[in-house]
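Contents: one structure, followed by commentary.
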Amino acid sequence: MPKPGRWQVATVKQVTTETKRAKTFRLALSEASRHLAGQHYVVRLTAEDGYTASRSYSVASPPDESQDIEITVERLEDGEVSAYLHDVVVPGDELEVRGPIGGWFVWHGDTPALLIGGGSGIVPLMAMLRLARRSGRSDLVRLVASVRRPGDLYYAKELPGPETTVVYTREAPPSWGRPPRRLGEEDLRHTLAPGVTAYVCGSSGFADHVTGLLALLEFPDERIRVERFGPTS
Amino acid sequence: MKFNRDFKGRGGEARDPRLPRGQYDIGSDWPVLSAEATPNLATSEWTFAIGGLVGNPVTWTWDEIQALEPASYEGDIHCVTTWSKFGVSFGGVSVDTLLACAVPLPSASHVVAYSHTGYTTNLPLGDITDGKAWVVWEYERRPLEVGHGGPARLLVPHLYFWKSVKWVAGLRLLDHDEPGFWEVNGYHDRGDPWLEQRYQGD
């Protein structure tokens, strides 16, 4: 049975700005524990009076030989943990973390996978895409990223490729072929292939919308894995 | 690790005694979390069964379970993703009422609760008896929404909320513990928020 590791102290090595509201934190773990693409870590903050707050964050980096992980964190208004990570944490700081966690929303890198992410829901899917690209198996994955506006897209430089599609719902870049509108059947139809497993990640509303589209396309329910990002802050 | 510099957190002055360690008060929100597509279950198709180590295996239809003695819960719920929600009310039937019909055998020590979608979770029998668990179809006196497990879900509010199976279909009584969906994926077999039993090994 998979047990997440114990609480350990990680050192922040690098902080990268992804968008106005999202930053990626590269953490050096003190105890190596290799994750699977799609798993998450818990970050726990402790106040001087002993009060603690912890939140889960998906790992964006693929499993690799390093003892580092990258998590991408969206800054939520009043986000007890996310606001602290954004506003206070700098390289060299130490954070208490625990993981990797999760054995359901994971991709092992050897089966066909359709990855559909809304907004910050792309984070665990990015670990999967990066794993596929690193191992030369990009042919196994298709990734559809849905965002409102160009400025909301995470990993914008790295994402483009023959296996990825970006869908803009409110505002598209100039001369973008597809007018901005909600993700629809026509955006997914060409991504479906026999034997594929769909990994859907985003807000609960996004997840319901996408699983509804997949049902319309007669995609089998039992081949859908969903990770809903609640308003954990 | 002693503490994070400049981290105060919420409720620094007066911690609410209703909050188990590591939890925060989410207020009026109620996040929807599930690992699968939300099913579309008509009450005419919904059933609830108790089987396994029982003297009298029973299956109730929607109308039959509604006719049982009503019971309600008012209190708090705690999700392993660290939110807690205070003062909620649910209406349905006590699991004690259902088990009294099914008659557990003396050898029964645990249950697997399962949903109409295939989700499972494991519980010691003692955690769902003596007024600790319900099958509920009302939330705040209104029909339970499908996103929150409607038409009916299990409610075991003294444990983390993943134990409160949405779209519940039944209980299977066993003489051993058999880890369910999240439990084989690293989550704790019992899940007591007051002991912070989040993951295997806690």
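Chains: A, B, ... in order of the structure tokens. Residues: from 1 per chain. Ligands: from 1, in order shown.
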
Exercise for the section: Specify as JSON, numbers by chain all residues of chain A found within 7 Å of chain B, counting only C-alpha atoms. Expected result: {"A": [1, 2, 3, 4, 45, 46, 47, 48, 52, 53, 54, 55, 80, 101, 102, 103, 104, 204, 208, 211, 221, 224, 225, 226, 227, 228, 230, 231]}

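Looking only at region 64-140 of chain A, the set that DSSP places in strand (DSSP E or B) from backbone geometry is A:Asp68, A:Ile69, A:Glu70, A:Ile71, A:Thr72, A:Val73, A:Glu74, A:Glu94, A:Leu95, A:Glu96, A:Val97, A:Arg98, A:Gly99, A:Pro100, A:Ile101, A:Trp107, A:Ala113, A:Leu114, A:Leu115, A:Ile116, A:Gly117, A:Gly118.
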
Keeping only C-alpha atoms, write the selected residues as a CSV table (one decimal), in the first residue's frame.
```csv
chain,number,residue,atom,x,y,z
A,68,ASP,CA,13.7,18.4,-6.4
A,69,ILE,CA,10.0,18.9,-7.1
A,70,GLU,CA,8.2,21.8,-8.6
A,71,ILE,CA,4.8,22.9,-7.5
A,72,THR,CA,2.8,25.7,-9.2
A,73,VAL,CA,0.6,27.7,-6.8
A,74,GLU,CA,-2.3,30.0,-7.7
A,94,GLU,CA,12.4,26.2,4.3
A,95,LEU,CA,9.0,24.7,4.0
A,96,GLU,CA,7.5,21.6,5.6
A,97,VAL,CA,6.1,19.2,3.0
A,98,ARG,CA,4.7,15.7,2.8
A,99,GLY,CA,4.2,13.4,-0.1
A,100,PRO,CA,3.9,12.2,-2.7
A,101,ILE,CA,0.2,11.5,-2.3
A,107,TRP,CA,-0.2,8.4,-15.3
A,113,ALA,CA,-3.8,9.5,-22.2
A,114,LEU,CA,-6.0,12.5,-23.0
A,115,LEU,CA,-5.2,15.3,-20.6
A,116,ILE,CA,-7.8,18.1,-20.3
A,117,GLY,CA,-7.1,20.9,-17.9
A,118,GLY,CA,-8.9,24.1,-17.0
```

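Distance annotation: of A:His108, A:Tyr57, A:Thr19, A:Arg137, the residue with the minimal separation from Asp152 (chain A) is A:Thr19; atom set is only C-alpha atoms.
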
Practice task
Compare B:Gly75, B:Gly87, B:Pro106, B:Pro70 by their minimum atom-to-atom distance to Gly55 (chain B), counting only C-alpha atoms, and give me the closest one.
Solution key: B:Pro106
